[in-house]
Amino acid sequence: MVDIRNNFVGIRSPNPFWLASAPPTDKAYNVVRAFEAGWGGVVWKTLGLDPPIVNVNGPRYGAIWSGDRRLIGLNNIELITDRPLEVNLQEIKQVKRDWPDRAMVVSLMVPCEEVCWKSILEKVEDTGADGVELNFGCPHGMSERGMGSAVGQVPDYIEMVTRWCKQNTNMPVIVKLTPNITDIRYPARAAKAGGADAVSLINTVSSIMSVDLDNFSPEPSIDGKGSHGGYCGPAVKPIALNMVADIARDEATAGLPISGIGGITTWRDAAEFMALGAGNVQVCTAAMTYGFKIVQEMIEGLKTWMEEKGHADLDAVIGRAVPNVTDWQYLNLNHVTKARIDQDLCIKCGRCHIACEDTSHQAITQEVNGERRFEVIDAECVGCNLCVNVCPVENCITMETLPAGAIDERTGRPVEPGYANWTTHPNNPMAEAAE
């Protein structure tokens, strides 16, 4: 048996799957349904000070689908909660009382003044919530009002507000970071300098999803006009993984707990985030697409994988991949792979040949002895694996690693043990000078 109980900055939950601050956590009804389905915790949809903001009463979402109509990206122009603050606080208090074993974190966004933060923190602390998340990530609507990503893009502001909050509450303070920035390490460092107990990332990516070519309005369209919104869903997962890894690897933020967010749809996605340093994960788009019960597949999938791999608890997984993330210059330039095509699985569609012939290295034949047949020309193959990615048949094309001492037909040289640094590699014209 494996143990997937989670302890994130002292906030305990029966599993590492939390719902992110978003429409699914806007009210008690939704949150109770989520807890009944098995979610380990929630981050309540972002609260502000009264009077409440006003959301649009038209379309709030735009989408990108795969060819089979699977939702891979969602853009939203919804703002923080439009419900009265006191109503939210009463519901938070009641739900936490009824579900004491679940994590209850409350997302906050108020004007950049200490008195505002002090006021709302006191109110939230009275509910018995387990912690707060400072929303420095929202890229639309609120940012134009000097909040959200307008704060998250300025490290000095992050540090300042985080310090205010730490001085005015005993609850753990999680800082939610925006991806709409050049280098995620700087806001993370600022959060740590301000005393943050943890960071969460990524918030949504600023985007315009599409344009209606009949009325030339960005989608979603409100009375013929559109605005940029926040992009989320499976399509942003690679961006999120990279940013989580950047913080986990950074010496200046070493030990800073991370809550991973961004396109998590399956247990595998969650395991990847945790392997790159996330202590738990937050989910939104997957729940909005498939409903709250998707967490049951996540829980069982994670448990099964951990049992098969011999991982007793989450600590055996968290951060395991971080030492294997490196800078390009440290990659082994003598590691040689070649593509291999399984002729029994090949359906002779020719996509590998066209992709390689037109855009890569002309390393795949189209005809052998007058027969339509696709084979790899080792002397031309550089192991780029484009063919693997365009092939419609799973495992039809795989990459084979040549053993040390084998001759690389492309270069005519034997495969050698790798060099630790590009500056010392013989192919580098500056190698001699570097030595």
# chains A, B, ... in the order shown; residues from 1 in each chain; ligands from 1
$ closest_atom_pairs --of "segment 97-216 of chain A" --to "segment 72-91 of chain A" --cutoff "9 Å" --atoms "only C-alpha atoms" --output "CSV"
residue,atom,partner,partner_atom,distance
A:Leu108,CA,A:Ile80,CA,9.0
A:Met109,CA,A:Ile80,CA,8.1
A:Lys123,CA,A:Leu89,CA,7.5
A:Val124,CA,A:Leu89,CA,6.7
A:Asp126,CA,A:Leu89,CA,8.7
A:Thr127,CA,A:Leu89,CA,6.5
A:Cys138,CA,A:Leu79,CA,8.2
A:His140,CA,A:Ile77,CA,6.8
A:Gly141,CA,A:Leu79,CA,6.4
A:Met142,CA,A:Leu79,CA,6.9
A:Thr204,CA,A:Asn75,CA,8.5
A:Val205,CA,A:Asn75,CA,8.7
A:Ser206,CA,A:Asn75,CA,8.7
A:Ser207,CA,A:Asn75,CA,7.3
A:Ile208,CA,A:Asn75,CA,7.7
A:Met209,CA,A:Asn75,CA,6.4
$ atom_distance --atom1 "atom CA of Val283 of chain A" --atom2 "atom CA of Trp18 of chain A"
6.3 Å
$ residues_around --residues "segment 214-218 of chain A" --least-positions-apart "6" --cutoff "9 Å" --atoms "only C-alpha atoms" --output "tab-separated table (two decimals) with C-alpha atoms, in the first residue's frame"
chain	number	residue	atom	x	y	z
A	208	ILE	CA	-6.52	36.13	-27.55
A	224	GLY	CA	-19.09	42.94	-30.92
A	225	LYS	CA	-15.97	43.54	-28.80
A	226	GLY	CA	-13.41	41.18	-27.30
A	227	SER	CA	-10.52	41.34	-24.86
A	228	HIS	CA	-7.44	39.36	-24.00
$ residues_around --residues "segment 384-389 of chain A" --least-positions-apart "5" --cutoff "10 Å" --atoms "only C-alpha atoms" --output "list of chain:residue names"
A:Thr337, A:Lys338, A:Ala339, A:Arg340, A:Ile341, A:Arg351, A:Cys352, A:His353, A:Ile354, A:Ala355, A:Cys356, A:Thr359, A:Ser360, A:His361, A:Ala363, A:Ile364, A:Glu394, A:Asn395, A:Cys396, A:Ile397, A:Thr398, A:Met399
$ write_last_selection --atoms "C-alpha atoms" --output "compact mmCIF listing (two decimals), in the first residue's frame"
# COMPACT_ATOMS: atom_id res chain seq x y z
CA THR A 337 20.20 7.59 -31.35
CA LYS A 338 18.70 6.41 -34.64
CA ALA A 339 15.07 6.01 -35.65
CA ARG A 340 13.75 2.48 -36.22
CA ILE A 341 10.53 1.69 -38.12
CA ARG A 351 4.02 10.97 -43.10
CA CYS A 352 7.46 10.18 -41.68
CA HIS A 353 9.04 10.34 -45.13
CA ILE A 354 7.37 13.61 -46.11
CA ALA A 355 8.24 15.29 -42.82
CA CYS A 356 11.86 14.16 -43.00
CA THR A 359 11.76 19.67 -43.43
CA SER A 360 14.56 17.62 -41.91
CA HIS A 361 17.43 15.38 -43.03
CA ALA A 363 16.84 10.13 -43.80
CA ILE A 364 13.78 8.00 -44.62
CA GLU A 394 1.93 4.46 -31.52
CA ASN A 395 5.30 2.69 -31.17
CA CYS A 396 5.64 2.16 -34.90
CA ILE A 397 8.73 4.37 -34.92
CA THR A 398 11.06 4.27 -31.94
CA MET A 399 14.51 5.62 -31.12
$ atom_distance --atom1 "atom CA of Glu122 of chain A" --atom2 "atom CA of Ile261 of chain A"
27.0 Å
$ select_by_dssp --residues "segment 197-285 of chain A" --states "strand (DSSP E)" --output "list in words"
Ala198, Val199, Ser200, Leu201, Val205, Ser206, Ser207, Ser210, Val211, Asp212, Ser217, Pro218, Glu219, Gly229, Gly230, Tyr231, Cys232, Ile258, Ser259, Gly260, Ile261, Asn280, Val281, Gln282 and Val283 of chain A
$ write_last_selection --atoms "C-alpha atoms" --output "compact mmCIF listing (two decimals), in the first residue's frame"
# COMPACT_ATOMS: atom_id res chain seq x y z
CA ALA A 198 5.20 28.69 -0.74
CA VAL A 199 4.51 29.67 -4.34
CA SER A 200 1.91 28.32 -6.72
CA LEU A 201 2.17 28.42 -10.50
CA VAL A 205 -1.26 32.96 -19.95
CA SER A 206 -2.43 36.24 -21.46
CA SER A 207 -4.00 35.46 -24.82
CA SER A 210 -9.39 33.51 -31.97
CA VAL A 211 -11.13 36.10 -34.15
CA ASP A 212 -14.65 35.85 -35.54
CA SER A 217 -14.30 40.54 -33.05
CA PRO A 218 -11.94 38.55 -30.79
CA GLU A 219 -13.58 35.53 -29.15
CA GLY A 229 -8.03 36.68 -21.39
CA GLY A 230 -6.27 33.93 -19.48
CA TYR A 231 -5.20 30.76 -21.33
CA CYS A 232 -5.20 27.42 -19.49
CA ILE A 258 5.74 24.75 -4.89
CA SER A 259 2.11 24.01 -5.71
CA GLY A 260 2.00 23.03 -9.38
CA ILE A 261 -0.73 24.31 -11.69
CA ASN A 280 1.10 19.07 -4.62
CA VAL A 281 -1.00 20.09 -7.63
CA GLN A 282 -4.01 22.25 -8.39
CA VAL A 283 -6.51 21.45 -11.14
$ closest_residue --among "A:Gly291, A:Pro52, A:Gly370, A:Pro100" --to "Arg33 of chain A" --atoms "only C-alpha atoms"
A:Gly291
$ residues_around --residues "segment 241-245 of chain A" --least-positions-apart "6" --cutoff "7 Å" --atoms "only C-alpha atoms" --output "list of chain:residue names"
A:Ile184, A:Gly260, A:Phe273, A:Leu276, A:Gly277, A:Val322
$ residues_around --residues "Asp315 of chain A" --least-positions-apart "3" --cutoff "12 Å" --atoms "only C-alpha atoms" --output "PyMOL selection string"
chain A and resi 2-8+16+271+274-275+277-280+306+311-312+318-320
$ write_last_selection --atoms "C-alpha atoms" --output "short mmCIF file (atom, residue, chain, number, x, y, z; two decimals), in the first residue's frame"
data_model
loop_
_atom_site.label_atom_id
_atom_site.label_comp_id
_atom_site.auth_asym_id
_atom_site.auth_seq_id
_atom_site.Cartn_x
_atom_site.Cartn_y
_atom_site.Cartn_z
CA VAL A 2 1.16 3.53 -0.75
CA ASP A 3 0.50 6.69 1.21
CA ILE A 4 -0.64 9.70 -0.83
CA ARG A 5 -1.58 11.88 2.12
CA ASN A 6 -0.23 15.36 1.60
CA ASN A 7 1.33 17.89 3.97
CA PHE A 8 1.92 21.14 2.14
CA PRO A 16 -2.28 15.99 -3.27
CA ALA A 271 3.32 12.89 -11.11
CA MET A 274 5.73 16.49 -8.46
CA ALA A 275 8.83 14.89 -9.97
CA GLY A 277 9.55 19.70 -7.49
CA ALA A 278 5.85 20.44 -6.85
CA GLY A 279 4.67 19.41 -3.39
CA ASN A 280 1.10 19.07 -4.62
CA MET A 306 3.50 4.32 -7.12
CA HIS A 311 7.29 4.54 -4.19
CA ALA A 312 5.96 4.34 -0.65
CA ILE A 318 8.68 14.91 -5.19
CA GLY A 319 11.77 16.47 -6.78
CA ARG A 320 13.17 13.20 -8.20
#
$ closest_residue --among "A:Ala287, A:Trp65, A:Lys118, A:Leu302" --to "Asn30 of chain A" --atoms "only C-alpha atoms"
A:Ala287
$ select_by_dssp --residues "segment 373-428 of chain A" --states "helix (DSSP H, G or I)" --output "PDB file with N, CA and C atoms, in the first residue's frame"
ATOM      1  N   LEU A 386      11.620  13.628 -35.126  1.00  0.00           N
ATOM      2  CA  LEU A 386      10.442  14.233 -35.737  1.00  0.00           C
ATOM      3  C   LEU A 386       9.523  13.146 -36.282  1.00  0.00           C
ATOM      4  N   CYS A 387      10.102  12.121 -36.862  1.00  0.00           N
ATOM      5  CA  CYS A 387       9.298  11.039 -37.439  1.00  0.00           C
ATOM      6  C   CYS A 387       8.442  10.350 -36.378  1.00  0.00           C
ATOM      7  N   VAL A 388       9.003  10.183 -35.187  1.00  0.00           N
ATOM      8  CA  VAL A 388       8.238   9.576 -34.089  1.00  0.00           C
ATOM      9  C   VAL A 388       7.016  10.426 -33.769  1.00  0.00           C
ATOM     10  N   ASN A 389       7.197  11.738 -33.775  1.00  0.00           N
ATOM     11  CA  ASN A 389       6.122  12.643 -33.375  1.00  0.00           C
ATOM     12  C   ASN A 389       5.037  12.808 -34.426  1.00  0.00           C
ATOM     13  N   VAL A 390       5.352  12.607 -35.697  1.00  0.00           N
ATOM     14  CA  VAL A 390       4.319  12.759 -36.726  1.00  0.00           C
ATOM     15  C   VAL A 390       3.663  11.428 -37.090  1.00  0.00           C
ATOM     16  N   TRP A 422      29.914  21.527 -23.132  1.00  0.00           N
ATOM     17  CA  TRP A 422      30.122  21.887 -24.530  1.00  0.00           C
ATOM     18  C   TRP A 422      31.444  22.619 -24.724  1.00  0.00           C
ATOM     19  N   THR A 423      31.894  23.363 -23.724  1.00  0.00           N
ATOM     20  CA  THR A 423      33.128  24.141 -23.889  1.00  0.00           C
ATOM     21  C   THR A 423      34.355  23.256 -24.052  1.00  0.00           C
ATOM     22  N   THR A 424      34.251  21.975 -23.664  1.00  0.00           N
ATOM     23  CA  THR A 424      35.392  21.067 -23.805  1.00  0.00           C
ATOM     24  C   THR A 424      35.195  20.054 -24.924  1.00  0.00           C
TER      25      THR A 424
END
